[in-house]
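Okay, query_17.tsv now, which holds TSV, C-alpha atoms:
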```tsv
chain	number	residue	atom	x	y	z
A	1	GLN	CA	0.00	0.00	0.00
A	2	VAL	CA	3.00	2.34	0.23
A	3	TYR	CA	3.30	2.28	-3.58
A	4	LYS	CA	1.35	4.54	-5.90
A	5	GLY	CA	-1.07	2.53	-8.02
A	6	LEU	CA	-2.85	-0.84	-7.78
A	7	ASP	CA	-5.31	0.66	-5.28
A	8	ILE	CA	-7.93	-2.05	-5.77
A	9	ILE	CA	-5.68	-5.07	-5.61
A	10	THR	CA	-3.81	-3.83	-2.52
A	11	ASN	CA	-7.17	-3.00	-0.89
A	12	LYS	CA	-6.18	0.55	0.03
A	13	VAL	CA	-8.29	2.57	2.42
A	14	SER	CA	-10.94	4.46	0.46
A	15	PRO	CA	-10.86	8.30	0.30
A	16	GLN	CA	-14.11	8.30	2.29
A	17	GLU	CA	-12.52	6.29	5.12
A	18	GLN	CA	-9.39	8.44	5.03
A	19	ARG	CA	-11.51	11.50	5.75
A	20	LEU	CA	-12.72	9.90	9.01
A	21	CYS	CA	-9.22	9.58	10.45
A	22	ARG	CA	-5.85	10.86	9.30
A	23	HIS	CA	-3.88	8.14	7.50
A	24	HIS	CA	-0.14	8.05	6.85
A	25	MET	CA	2.23	6.20	4.51
A	26	ILE	CA	-0.19	5.36	1.70
A	27	SER	CA	0.67	5.80	-2.01
A	28	PHE	CA	3.92	7.72	-1.63
A	29	VAL	CA	6.54	5.43	-3.23
A	30	ASP	CA	7.12	5.40	-7.00
A	31	PRO	CA	6.05	1.98	-8.40
A	32	LEU	CA	9.35	1.64	-10.28
A	33	VAL	CA	11.37	1.78	-7.05
A	34	SER	CA	12.34	-1.85	-6.46
A	35	ASN	CA	14.65	-1.44	-3.46
A	36	TYR	CA	12.19	-0.04	-0.91
A	37	THR	CA	12.72	-2.18	2.19
A	38	VAL	CA	11.32	-2.79	5.65
A	39	VAL	CA	14.15	-0.58	6.96
A	40	ASP	CA	12.89	2.31	4.80
A	41	PHE	CA	9.39	1.68	6.12
A	42	ARG	CA	10.55	1.69	9.74
A	43	ASP	CA	12.69	4.81	9.29
A	44	LYS	CA	9.70	6.77	8.01
A	45	ALA	CA	7.11	5.28	10.38
A	46	VAL	CA	8.99	5.76	13.68
A	47	PRO	CA	9.24	9.60	13.37
A	48	LEU	CA	5.55	9.65	12.42
A	49	ILE	CA	4.68	7.69	15.56
A	50	SER	CA	6.68	10.20	17.63
A	51	TYR	CA	4.88	13.07	15.88
A	52	ILE	CA	1.48	11.52	16.66
A	53	PHE	CA	2.44	11.04	20.33
A	54	ALA	CA	3.67	14.65	20.49
A	55	ARG	CA	0.18	15.81	19.48
A	56	ASP	CA	-1.37	13.78	22.32
A	57	LYS	CA	-2.83	11.30	19.87
A	58	ILE	CA	-2.57	7.51	19.81
A	59	PRO	CA	-0.91	5.88	16.78
A	60	ILE	CA	-2.77	2.87	15.41
A	61	VAL	CA	-0.59	0.59	13.30
A	62	VAL	CA	-2.78	-1.40	10.91
A	63	GLY	CA	-1.62	-4.54	9.10
A	64	GLY	CA	-1.46	-7.05	7.10
A	65	THR	CA	2.24	-7.44	6.80
A	66	ASN	CA	3.21	-8.58	10.29
A	67	TYR	CA	6.95	-8.51	9.56
A	68	TYR	CA	6.66	-4.75	9.06
A	69	ILE	CA	4.64	-4.36	12.27
A	70	GLU	CA	7.29	-6.35	14.12
A	71	SER	CA	9.95	-3.91	12.87
A	72	LEU	CA	8.10	-1.10	14.68
A	73	LEU	CA	7.49	-2.99	17.92
A	74	TRP	CA	10.97	-4.41	18.53
A	75	LYS	CA	14.53	-3.43	17.80
A	76	VAL	CA	15.10	-6.19	15.25
A	77	LEU	CA	16.49	-4.60	12.06
A	78	ILE	CA	19.95	-3.71	10.87
A	79	ASN	CA	20.29	-0.54	8.83
A	80	THR	CA	23.17	-1.25	6.48
A	81	LYS	CA	22.30	1.78	4.35
A	82	VAL	CA	23.48	4.14	7.10
A	83	LEU	CA	26.69	2.18	7.62
A	84	TRP	CA	27.26	1.92	3.86
A	85	GLY	CA	26.73	5.66	3.43
A	86	ALA	CA	29.32	6.35	6.12
A	87	VAL	CA	32.06	4.70	4.08
A	88	ASN	CA	30.64	5.63	0.68
A	89	PRO	CA	28.72	8.94	0.79
A	90	PHE	CA	28.05	8.66	-2.95
A	91	GLY	CA	26.60	5.18	-2.67
A	92	LYS	CA	22.95	6.05	-2.17
A	93	GLY	CA	20.81	3.01	-2.88
A	94	LEU	CA	23.76	0.69	-3.35
A	95	ALA	CA	23.00	-1.28	-0.19
A	96	SER	CA	19.71	-2.61	-1.50
A	97	ASP	CA	21.10	-2.96	-5.02
A	98	ARG	CA	23.87	-5.16	-3.65
A	99	LYS	CA	21.32	-7.56	-2.17
A	100	VAL	CA	19.60	-7.79	-5.56
A	101	GLU	CA	22.98	-8.50	-7.17
A	102	LEU	CA	23.68	-11.28	-4.68
A	103	GLU	CA	20.29	-12.85	-5.36
A	104	GLN	CA	21.36	-13.40	-8.95
A	105	LEU	CA	23.97	-15.92	-7.81
A	106	ASP	CA	23.38	-19.65	-7.53
A	107	SER	CA	21.85	-20.68	-4.18
A	108	ALA	CA	24.66	-23.13	-3.40
A	109	GLU	CA	27.33	-20.51	-4.15
A	110	LEU	CA	25.57	-17.94	-1.98
A	111	HIS	CA	25.31	-20.34	0.94
A	112	ARG	CA	28.97	-21.37	0.51
A	113	ARG	CA	30.07	-17.73	0.73
A	114	LEU	CA	27.98	-17.14	3.84
A	115	SER	CA	29.39	-20.30	5.45
A	116	GLN	CA	32.90	-18.86	5.06
A	117	VAL	CA	32.17	-15.50	6.73
A	118	ASP	CA	29.30	-16.34	9.10
A	119	PRO	CA	29.01	-20.11	9.70
A	120	GLU	CA	26.52	-19.61	12.55
A	121	MET	CA	24.06	-17.76	10.32
A	122	ALA	CA	24.63	-20.20	7.46
A	123	ALA	CA	23.71	-23.08	9.78
A	124	LYS	CA	20.41	-21.37	10.62
A	125	LEU	CA	19.31	-20.64	7.06
A	126	HIS	CA	18.08	-23.06	4.43
A	127	PRO	CA	20.46	-23.08	1.44
A	128	HIS	CA	17.48	-22.48	-0.88
A	129	ASP	CA	16.28	-19.41	1.06
A	130	LYS	CA	18.15	-17.14	-1.31
A	131	ARG	CA	16.74	-13.84	-0.05
A	132	LYS	CA	17.68	-14.41	3.59
A	133	VAL	CA	21.11	-15.82	2.71
A	134	ALA	CA	21.76	-12.82	0.43
A	135	ARG	CA	20.66	-10.44	3.17
A	136	SER	CA	23.05	-11.98	5.73
A	137	LEU	CA	25.89	-11.85	3.23
A	138	GLN	CA	25.04	-8.23	2.43
A	139	VAL	CA	25.13	-7.34	6.15
A	140	PHE	CA	28.63	-8.78	6.47
A	141	GLU	CA	29.91	-7.13	3.28
A	142	GLU	CA	28.64	-3.70	4.27
A	143	THR	CA	29.43	-3.72	8.01
A	144	GLY	CA	32.39	-6.06	8.29
A	145	ILE	CA	30.55	-7.76	11.17
A	146	PRO	CA	28.83	-11.18	10.88
A	147	HIS	CA	25.03	-10.91	10.85
A	148	SER	CA	24.78	-13.42	13.71
A	149	GLU	CA	27.04	-11.26	15.90
A	150	ILE	CA	24.90	-8.15	15.37
A	151	LEU	CA	21.77	-10.15	16.25
A	152	HIS	CA	23.43	-11.40	19.44
A	153	GLN	CA	24.22	-7.80	20.41
A	154	GLN	CA	20.55	-6.86	19.97
A	155	GLN	CA	19.34	-9.85	21.95
A	156	GLU	CA	21.72	-9.11	24.84
A	157	GLU	CA	20.44	-5.54	25.28
A	158	GLU	CA	18.26	-4.95	28.33
A	159	GLY	CA	14.79	-6.23	27.47
A	160	GLY	CA	16.04	-8.27	24.52
A	161	GLY	CA	15.17	-11.89	23.89
A	162	PRO	CA	15.79	-14.86	21.60
A	163	LEU	CA	13.94	-13.24	18.67
A	164	GLY	CA	15.58	-9.82	18.81
A	165	GLY	CA	16.13	-6.62	20.75
A	166	PRO	CA	13.95	-4.85	23.30
A	167	LEU	CA	10.38	-3.66	22.84
A	168	LYS	CA	10.40	-0.04	21.61
A	169	TYR	CA	6.93	0.94	22.89
A	170	PRO	CA	6.33	-0.79	26.24
A	171	HIS	CA	2.75	0.49	26.66
A	172	SER	CA	1.21	-1.16	23.61
A	173	CYS	CA	-1.26	-3.91	22.82
A	174	ILE	CA	-2.18	-5.98	19.78
A	175	LEU	CA	-5.73	-6.58	18.57
A	176	TRP	CA	-5.86	-9.71	16.42
A	177	LEU	CA	-8.97	-10.11	14.29
A	178	HIS	CA	-9.36	-13.79	13.47
A	179	ALA	CA	-12.08	-15.93	11.95
A	180	ASP	CA	-13.11	-19.52	11.49
A	181	GLN	CA	-11.16	-20.88	8.50
A	182	ALA	CA	-14.23	-21.75	6.42
A	183	ALA	CA	-15.75	-18.30	7.02
A	184	LEU	CA	-12.42	-16.63	6.23
A	185	ASP	CA	-11.96	-18.58	2.99
A	186	ALA	CA	-15.47	-17.70	1.81
A	187	ARG	CA	-14.90	-14.03	2.68
A	188	LEU	CA	-11.60	-13.93	0.79
A	189	GLU	CA	-13.15	-15.49	-2.31
A	190	LYS	CA	-15.91	-12.88	-2.19
A	191	ARG	CA	-13.27	-10.18	-1.77
A	192	VAL	CA	-11.69	-11.21	-5.08
A	193	ASP	CA	-15.12	-11.18	-6.78
A	194	ASP	CA	-15.74	-7.70	-5.33
A	195	MET	CA	-12.36	-6.54	-6.66
A	196	MET	CA	-13.30	-7.73	-10.13
A	197	ALA	CA	-16.59	-5.85	-9.90
A	198	ALA	CA	-14.75	-2.71	-8.72
A	199	GLY	CA	-12.61	-2.59	-11.87
A	200	LEU	CA	-9.60	-4.74	-11.05
A	201	LEU	CA	-8.98	-5.77	-14.66
A	202	GLU	CA	-8.79	-2.20	-15.91
A	203	GLU	CA	-6.43	-1.32	-13.05
A	204	LEU	CA	-4.16	-4.24	-13.98
A	205	ARG	CA	-4.23	-3.40	-17.70
A	206	ASP	CA	-3.37	0.23	-17.06
A	207	PHE	CA	-0.55	-0.64	-14.65
A	208	HIS	CA	0.81	-3.25	-17.06
A	209	ARG	CA	0.79	-0.76	-19.96
A	210	ARG	CA	2.53	1.96	-17.97
A	211	TYR	CA	5.09	0.00	-15.97
A	212	ASN	CA	5.51	-3.61	-17.07
A	213	GLN	CA	4.86	-4.00	-20.80
A	214	GLU	CA	8.32	-2.84	-21.83
A	215	LYS	CA	9.97	-5.00	-19.18
A	216	VAL	CA	8.09	-8.09	-20.40
A	217	ALA	CA	9.11	-7.39	-24.01
A	218	GLU	CA	12.75	-7.29	-22.91
A	219	ASN	CA	12.30	-10.24	-20.52
A	220	ARG	CA	13.23	-8.01	-17.56
A	221	GLN	CA	10.05	-8.46	-15.54
A	222	ASP	CA	10.69	-9.05	-11.85
A	223	TYR	CA	7.91	-10.34	-9.62
A	224	GLN	CA	10.19	-10.69	-6.57
A	225	HIS	CA	10.73	-7.03	-5.66
A	226	GLY	CA	8.73	-3.84	-5.17
A	227	ILE	CA	5.07	-3.46	-6.06
A	228	PHE	CA	5.31	-6.14	-8.76
A	229	GLN	CA	5.38	-8.82	-6.05
A	230	SER	CA	1.91	-7.72	-4.87
A	231	ILE	CA	-0.50	-10.61	-4.64
A	232	GLY	CA	-2.70	-10.44	-7.72
A	233	PHE	CA	-0.42	-8.84	-10.28
A	234	LYS	CA	1.73	-11.79	-11.32
A	235	GLU	CA	-1.30	-14.12	-11.19
A	236	PHE	CA	-2.70	-12.31	-14.25
A	237	HIS	CA	0.63	-12.22	-16.13
A	238	GLU	CA	-0.38	-14.71	-18.85
A	239	TYR	CA	-3.70	-12.96	-19.40
A	240	LEU	CA	-2.14	-9.49	-19.63
A	241	ILE	CA	0.63	-10.39	-22.08
A	242	SER	CA	-1.67	-12.43	-24.36
A	243	GLU	CA	-4.71	-10.14	-24.35
A	244	GLY	CA	-5.49	-9.08	-27.92
A	245	SER	CA	-3.17	-11.65	-29.46
A	246	CYS	CA	-5.15	-14.83	-28.77
A	247	SER	CA	-8.66	-16.10	-29.34
A	248	PRO	CA	-11.49	-14.85	-27.08
A	249	GLU	CA	-11.88	-18.41	-25.77
A	250	THR	CA	-8.21	-18.63	-24.76
A	251	SER	CA	-8.34	-15.16	-23.24
A	252	ALA	CA	-11.40	-16.14	-21.17
A	253	LEU	CA	-9.64	-19.29	-19.94
A	254	LEU	CA	-6.53	-17.30	-18.93
A	255	LEU	CA	-8.69	-14.75	-17.14
A	256	GLU	CA	-10.49	-17.47	-15.17
A	257	LYS	CA	-7.13	-19.07	-14.40
A	258	GLY	CA	-5.90	-15.74	-13.02
A	259	ILE	CA	-9.01	-15.26	-10.88
A	260	GLN	CA	-8.74	-18.76	-9.36
A	261	ALA	CA	-4.99	-18.32	-8.78
A	262	LEU	CA	-5.65	-15.01	-7.01
A	263	LYS	CA	-8.23	-16.66	-4.74
A	264	GLN	CA	-5.84	-19.49	-3.86
A	265	VAL	CA	-2.82	-17.29	-3.16
A	266	THR	CA	-4.94	-14.86	-1.09
A	267	LYS	CA	-6.19	-17.70	1.13
A	268	ARG	CA	-2.66	-19.07	1.43
A	269	TYR	CA	-1.33	-15.66	2.45
A	270	ALA	CA	-4.04	-15.28	5.11
A	271	ARG	CA	-2.96	-18.61	6.60
A	272	ARG	CA	0.65	-17.42	6.70
A	273	GLN	CA	-0.42	-14.21	8.44
A	274	ASN	CA	-2.24	-16.17	11.13
A	275	LYS	CA	0.72	-18.52	11.55
A	276	TRP	CA	3.02	-15.51	12.00
A	277	VAL	CA	0.81	-14.10	14.78
A	278	ARG	CA	0.77	-17.43	16.58
A	279	ASN	CA	4.49	-18.16	16.25
A	280	ARG	CA	5.99	-14.67	16.50
A	281	PHE	CA	3.58	-12.87	18.84
A	282	LEU	CA	1.73	-15.47	20.90
A	283	LYS	CA	4.64	-17.89	21.31
A	284	ARG	CA	7.38	-15.25	21.37
A	285	PRO	CA	9.89	-16.15	24.09
A	286	GLY	CA	11.56	-13.54	26.27
A	287	PRO	CA	10.36	-10.42	28.08
A	288	ASN	CA	8.54	-7.36	26.77
A	289	VAL	CA	5.88	-8.96	24.60
A	290	PRO	CA	2.73	-6.84	24.19
A	291	PRO	CA	-0.52	-8.58	25.15
A	292	VAL	CA	-2.47	-9.95	22.18
A	293	TYR	CA	-6.27	-9.78	22.39
A	294	GLY	CA	-8.29	-11.98	20.05
A	295	LEU	CA	-11.43	-10.62	18.40
A	296	GLU	CA	-13.68	-13.15	16.68
A	297	VAL	CA	-14.89	-11.88	13.29
A	298	SER	CA	-16.45	-15.03	11.81
A	299	ASP	CA	-19.99	-13.66	12.04
A	300	LEU	CA	-20.13	-10.13	10.65
A	301	GLN	CA	-23.70	-9.79	11.93
A	302	ARG	CA	-22.17	-9.74	15.43
A	303	TRP	CA	-19.54	-7.08	14.64
A	304	GLU	CA	-20.77	-4.65	17.31
A	305	GLU	CA	-20.83	-7.11	20.22
A	306	ASP	CA	-17.93	-9.42	19.20
A	307	VAL	CA	-15.46	-6.88	17.80
A	308	LEU	CA	-16.17	-3.17	18.19
A	309	LYS	CA	-17.40	-3.10	21.80
A	310	PRO	CA	-14.66	-5.33	23.31
A	311	ALA	CA	-11.97	-3.54	21.24
A	312	LEU	CA	-13.05	-0.14	22.57
A	313	GLU	CA	-13.09	-1.48	26.14
A	314	ILE	CA	-9.57	-2.88	25.77
A	315	VAL	CA	-8.14	0.31	24.28
A	316	GLU	CA	-9.91	2.57	26.83
A	317	SER	CA	-8.50	0.44	29.66
A	318	PHE	CA	-4.98	0.88	28.29
A	319	ILE	CA	-5.47	4.66	27.95
A	320	GLN	CA	-6.69	4.88	31.55
A	321	GLY	CA	-3.94	2.63	32.89
A	322	ARG	CA	-6.16	-0.16	34.20
A	323	GLU	CA	-6.48	-3.85	33.44
A	324	PRO	CA	-8.73	-4.59	30.43
A	325	PRO	CA	-11.80	-6.76	31.09
A	326	ALA	CA	-10.64	-9.25	28.45
A	327	GLU	CA	-7.87	-11.79	28.99
A	328	PRO	CA	-4.98	-11.70	26.49
A	329	LEU	CA	-4.38	-14.80	24.38
A	330	ARG	CA	-1.56	-17.09	25.44
A	331	MET	CA	0.09	-20.06	23.78
A	332	GLU	CA	2.60	-22.34	25.42
A	333	HIS	CA	6.11	-22.13	24.05
A	334	ASP	CA	7.98	-25.43	23.84
A	335	GLU	CA	11.41	-24.65	25.29
A	336	LYS	CA	12.78	-27.96	23.97
A	337	GLU	CA	11.76	-27.26	20.39
A	338	ASN	CA	14.76	-26.74	18.13
A	339	LYS	CA	13.84	-24.32	15.35
A	340	ARG	CA	17.26	-24.70	13.74
A	341	SER	CA	17.65	-28.48	13.65
A	342	HIS	CA	18.78	-29.84	10.26
A	343	ARG	CA	17.37	-33.08	8.86
A	344	VAL	CA	17.68	-34.49	5.36
A	345	CYS	CA	14.73	-36.44	3.99
A	346	GLU	CA	16.51	-38.81	1.59
A	347	LEU	CA	13.15	-40.03	0.34
A	348	CYS	CA	12.14	-36.55	-0.91
A	349	ASP	CA	15.69	-35.24	-1.37
A	350	ARG	CA	14.99	-32.22	0.83
A	351	LEU	CA	16.73	-30.45	3.69
A	352	ILE	CA	14.27	-29.61	6.49
A	353	ILE	CA	15.14	-27.04	9.16
A	354	GLY	CA	13.29	-27.03	12.50
A	355	ASP	CA	11.57	-29.69	14.59
A	356	ARG	CA	8.07	-28.44	13.77
A	357	GLU	CA	8.82	-28.23	10.04
A	358	TRP	CA	10.16	-31.81	10.12
A	359	ALA	CA	7.02	-33.06	11.85
A	360	ALA	CA	4.88	-31.25	9.28
A	361	HIS	CA	6.96	-32.66	6.40
A	362	THR	CA	6.59	-36.26	7.59
A	363	ARG	CA	2.80	-35.75	7.54
A	364	SER	CA	2.72	-34.00	4.17
A	365	LYS	CA	1.04	-35.53	1.12
A	366	SER	CA	4.24	-35.49	-0.95
A	367	HIS	CA	6.28	-37.32	1.71
A	368	LEU	CA	3.54	-39.90	2.33
A	369	HIS	CA	3.25	-40.41	-1.44
A	370	HIS	CA	7.00	-41.12	-1.74
A	371	LEU	CA	6.82	-43.37	1.33
A	372	LYS	CA	3.96	-45.43	-0.09
A	373	LYS	CA	5.72	-45.67	-3.44
A	374	ARG	CA	8.91	-46.98	-1.82
A	375	ARG	CA	7.00	-49.54	0.25
A	376	LYS	CA	5.25	-50.84	-2.84
A	377	LEU	CA	8.61	-51.25	-4.55
A	378	GLU	CA	10.00	-53.09	-1.51
A	379	VAL	CA	6.98	-55.42	-1.36
A	380	SER	CA	7.16	-55.92	-5.12
A	381	GLY	CA	10.84	-56.77	-4.85
A	382	ARG	CA	10.26	-59.35	-2.11
A	383	ALA	CA	7.35	-60.89	-3.99
A	384	GLY	CA	9.34	-60.95	-7.22
A	385	GLY	CA	12.06	-63.02	-5.54
A	386	THR	CA	9.48	-65.59	-4.44
A	387	VAL	CA	7.19	-65.81	-7.44
A	388	GLY	CA	9.91	-65.95	-10.05
A	389	ASP	CA	9.96	-64.35	-13.49
A	390	SER	CA	6.41	-63.06	-13.44
A	391	GLY	CA	7.31	-60.22	-11.06
A	392	ASP	CA	3.62	-59.85	-10.19
A	393	ALA	CA	2.94	-58.77	-6.65
A	394	GLU	CA	-0.06	-57.44	-4.80
A	395	THR	CA	-0.04	-55.13	-1.83
A	396	SER	CA	-2.83	-54.91	0.67
A	397	ASP	CA	-4.32	-51.77	2.17
A	398	GLU	CA	-2.55	-52.71	5.40
A	399	ASP	CA	0.76	-51.78	3.76
A	400	SER	CA	-0.16	-48.12	3.62
A	401	SER	CA	-0.88	-48.02	7.34
A	402	LEU	CA	2.60	-49.03	8.47
A	403	PRO	CA	3.99	-46.71	11.16
A	404	LEU	CA	6.41	-43.98	10.03
```

Taking this structure as input, can you express it in the form of structure tokens?
Amino acid sequence: QVYKGLDIITNKVSPQEQRLCRHHMISFVDPLVSNYTVVDFRDKAVPLISYIFARDKIPIVVGGTNYYIESLLWKVLINTKVLWGAVNPFGKGLASDRKVELEQLDSAELHRRLSQVDPEMAAKLHPHDKRKVARSLQVFEETGIPHSEILHQQQEEEGGGPLGGPLKYPHSCILWLHADQAALDARLEKRVDDMMAAGLLEELRDFHRRYNQEKVAENRQDYQHGIFQSIGFKEFHEYLISEGSCSPETSALLLEKGIQALKQVTKRYARRQNKWVRNRFLKRPGPNVPPVYGLEVSDLQRWEEDVLKPALEIVESFIQGREPPAEPLRMEHDEKENKRSHRVCELCDRLIIGDREWAAHTRSKSHLHHLKKRRKLEVSGRAGGTVGDSGDAETSDEDSSLPL
């Protein structure tokens, strides 16, 4: 939403809503800027928060992108641009450009380089997580200090914890609007339909003509950085580049494909957002974690009693310095869980990092498919040795229920 354009697909606050309350940091970045980062966001948002406090107002941070919200709540980011500018005053923008350059390298080569300069960070990151590996390598190149060492310094500050530095605004609370999964999925599908009715296609066509058509012609399109990574734009790529050059039937099929892809990726993103809240806010270890209050939004007919009224009571209690009537949500954190354990699944030829991820992988459809396939081959091999040249073998349903 910080970028100019794509107002419908990024679900920007309407002009009517903006007149009800002053909004900041909407539609101010040029869409062709590809190196706008969470650090840039934080560096602009923090002075605004101070300005709002100075006017005796209360800043309300609204998301979506929980990683960006986290950057405002805790001291968790490293500003290499400032450090880079200190040694190279003419190098404006080079810090982010360097990360993009590094991302062009092969994943294995990137991880090998990081292993040489920061083995601790390399051990924590998946070799295929190119963006995080590139970022850690960038931090070392531009500061001369291993990324892991800087993170340790943050964590050891007073109020710091295993996931980063201290809380920047101690008197804060989080309101988490959550819904039953079925209700949420239905609402998200309707949201896409409403976007289409509001003129999404024309918005995409116009944006494609102005900013992406030339890039596509030169095969320079990049859906990994800037506004072009917005959910909804790349899903309609095939439709946009073929419109007018294919049959109406093909165009209609590509359009429907884009709509269904947008619905799927939107639902997937919502799940990731909820997972982030649970893992990073509710289970966050260490001190100085703001209370998280859950507000049930499954039934919109009950908005007043389930959402608005309790939210106002919670916020008013915080303003007046008393305990809110609602209890904050809590989730137990497993101290024994190793989030950085490394296991190789030889069956799927994959490296899995983290105990929880390993448990999820062993239950996944792809892993169970490979497991069943291997067992059938083993049974077939044993039967083939007994039966002789026919090689025929049958497996019973019991075979698929063998313990992992």

Kindly indicate which residue among A:His128, A:His369, A:Arg135, A:Lys99 lies nearest to Leu77 of chain A, using only C-alpha atoms for the distances.
A:Arg135

Contacts of segment 248-256 of chain A within 7 Å, all atoms listed in the file, excl. fewer than 4 positions in-chain, as an mmCIF file with C-alpha atoms, keeping the file's coordinate frame:
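Result file is out-v2.cif:
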```
data_model
loop_
_atom_site.group_PDB
_atom_site.id
_atom_site.type_symbol
_atom_site.label_atom_id
_atom_site.label_comp_id
_atom_site.auth_asym_id
_atom_site.auth_seq_id
_atom_site.Cartn_x
_atom_site.Cartn_y
_atom_site.Cartn_z
ATOM 1 C CA GLU A 238 -0.380 -14.710 -18.850
ATOM 2 C CA TYR A 239 -3.700 -12.960 -19.400
ATOM 3 C CA GLU A 243 -4.710 -10.140 -24.350
ATOM 4 C CA GLN A 260 -8.740 -18.760 -9.360
#
```

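Applying the 8 Å criterion to (-6.6, -13.4, -2.2) in file coordinates and using all atoms listed in the file, one obtains the residues Leu188, Glu189, Arg191, Val192, Ile231, Gly232, Leu262, Lys263, Gln264, Val265, Thr266, Lys267, Arg268, Tyr269 and Ala270 of chain A.
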
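Here the question is which of A:Leu240, A:Ile78, A:Leu110, A:Met195 gets nearest to Glu149 of chain A using all atoms listed in the file, and that residue is A:Ile78.
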
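Straight-line separation from atom CA of Leu201 of chain A to atom CA of Lys234 of chain A: 12.7 Å.
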
Extract, using all atoms listed in the file, all DNA, RNA and protein residues at most 7 Å from His111 of chain A, discarding same-chain residues fewer than 4 positions from it, and format them as a compact mmCIF listing (two decimals) with C-alpha atoms, in the coordinates of the input.
```txt
# COMPACT_ATOMS: atom_id res chain seq x y z
CA SER A 107 21.85 -20.68 -4.18
CA SER A 115 29.39 -20.30 5.45
CA ALA A 122 24.63 -20.20 7.46
CA PRO A 127 20.46 -23.08 1.44
CA VAL A 133 21.11 -15.82 2.71
```

I'd like the interatomic distance between atom CA of Val62 of chain A and atom CA of Ile174 of chain A, to a tenth of an Å.
10.0 Å

Give me the residues near segment 21-29 of chain A as a PyMOL selection string, where near means some atom within 9 Å (using only C-alpha atoms) and where sequence neighbours in that chain fewer than 3 positions away do not count.
chain A and resi 1-5+7+12-13+17-18+32-33+36+41+44-45+48

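For the choices A:Asp206, A:Asp185, A:Glu346, A:Glu156, the atom-to-atom distance to Arg271 of chain A is smallest for A:Asp185 when using only C-alpha atoms.
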
Any idea what the distance is between atom CA of Ser172 of chain A and atom CA of Pro291 of chain A?
7.8 Å

Kindly reconstruct segment 305-315 of chain A with N, CA, C and O atoms and present the result as an mmCIF file, keeping the file's coordinate frame.
```cif
data_model
loop_
_atom_site.group_PDB
_atom_site.id
_atom_site.type_symbol
_atom_site.label_atom_id
_atom_site.label_comp_id
_atom_site.auth_asym_id
_atom_site.auth_seq_id
_atom_site.Cartn_x
_atom_site.Cartn_y
_atom_site.Cartn_z
ATOM 1 N N GLU A 305 -21.044 -6.471 18.919
ATOM 2 C CA GLU A 305 -20.830 -7.110 20.220
ATOM 3 C C GLU A 305 -19.556 -7.939 20.309
ATOM 4 O O GLU A 305 -18.957 -8.061 21.384
ATOM 5 N N ASP A 306 -19.107 -8.545 19.161
ATOM 6 C CA ASP A 306 -17.930 -9.420 19.200
ATOM 7 C C ASP A 306 -16.620 -8.681 18.927
ATOM 8 O O ASP A 306 -15.547 -9.158 19.316
ATOM 9 N N VAL A 307 -16.699 -7.549 18.231
ATOM 10 C CA VAL A 307 -15.460 -6.880 17.800
ATOM 11 C C VAL A 307 -15.380 -5.445 18.328
ATOM 12 O O VAL A 307 -14.494 -5.109 19.123
ATOM 13 N N LEU A 308 -16.290 -4.593 17.883
ATOM 14 C CA LEU A 308 -16.170 -3.170 18.190
ATOM 15 C C LEU A 308 -16.230 -2.874 19.696
ATOM 16 O O LEU A 308 -15.346 -2.190 20.235
ATOM 17 N N LYS A 309 -17.250 -3.398 20.375
ATOM 18 C CA LYS A 309 -17.400 -3.100 21.800
ATOM 19 C C LYS A 309 -16.219 -3.591 22.639
ATOM 20 O O LYS A 309 -15.628 -2.815 23.407
ATOM 21 N N PRO A 310 -15.808 -4.883 22.511
ATOM 22 C CA PRO A 310 -14.660 -5.330 23.310
ATOM 23 C C PRO A 310 -13.365 -4.607 22.942
ATOM 24 O O PRO A 310 -12.532 -4.341 23.811
ATOM 25 N N ALA A 311 -13.181 -4.248 21.649
ATOM 26 C CA ALA A 311 -11.970 -3.540 21.240
ATOM 27 C C ALA A 311 -11.892 -2.173 21.901
ATOM 28 O O ALA A 311 -10.833 -1.762 22.405
ATOM 29 N N LEU A 312 -13.016 -1.462 21.931
ATOM 30 C CA LEU A 312 -13.050 -0.140 22.570
ATOM 31 C C LEU A 312 -12.772 -0.251 24.073
ATOM 32 O O LEU A 312 -12.049 0.572 24.647
ATOM 33 N N GLU A 313 -13.321 -1.291 24.700
ATOM 34 C CA GLU A 313 -13.090 -1.480 26.140
ATOM 35 C C GLU A 313 -11.618 -1.755 26.433
ATOM 36 O O GLU A 313 -11.060 -1.226 27.406
ATOM 37 N N ILE A 314 -10.987 -2.563 25.580
ATOM 38 C CA ILE A 314 -9.570 -2.880 25.770
ATOM 39 C C ILE A 314 -8.714 -1.623 25.623
ATOM 40 O O ILE A 314 -7.858 -1.318 26.466
ATOM 41 N N VAL A 315 -8.949 -0.879 24.549
ATOM 42 C CA VAL A 315 -8.140 0.310 24.280
ATOM 43 C C VAL A 315 -8.369 1.376 25.360
ATOM 44 O O VAL A 315 -7.409 2.006 25.831
#
```
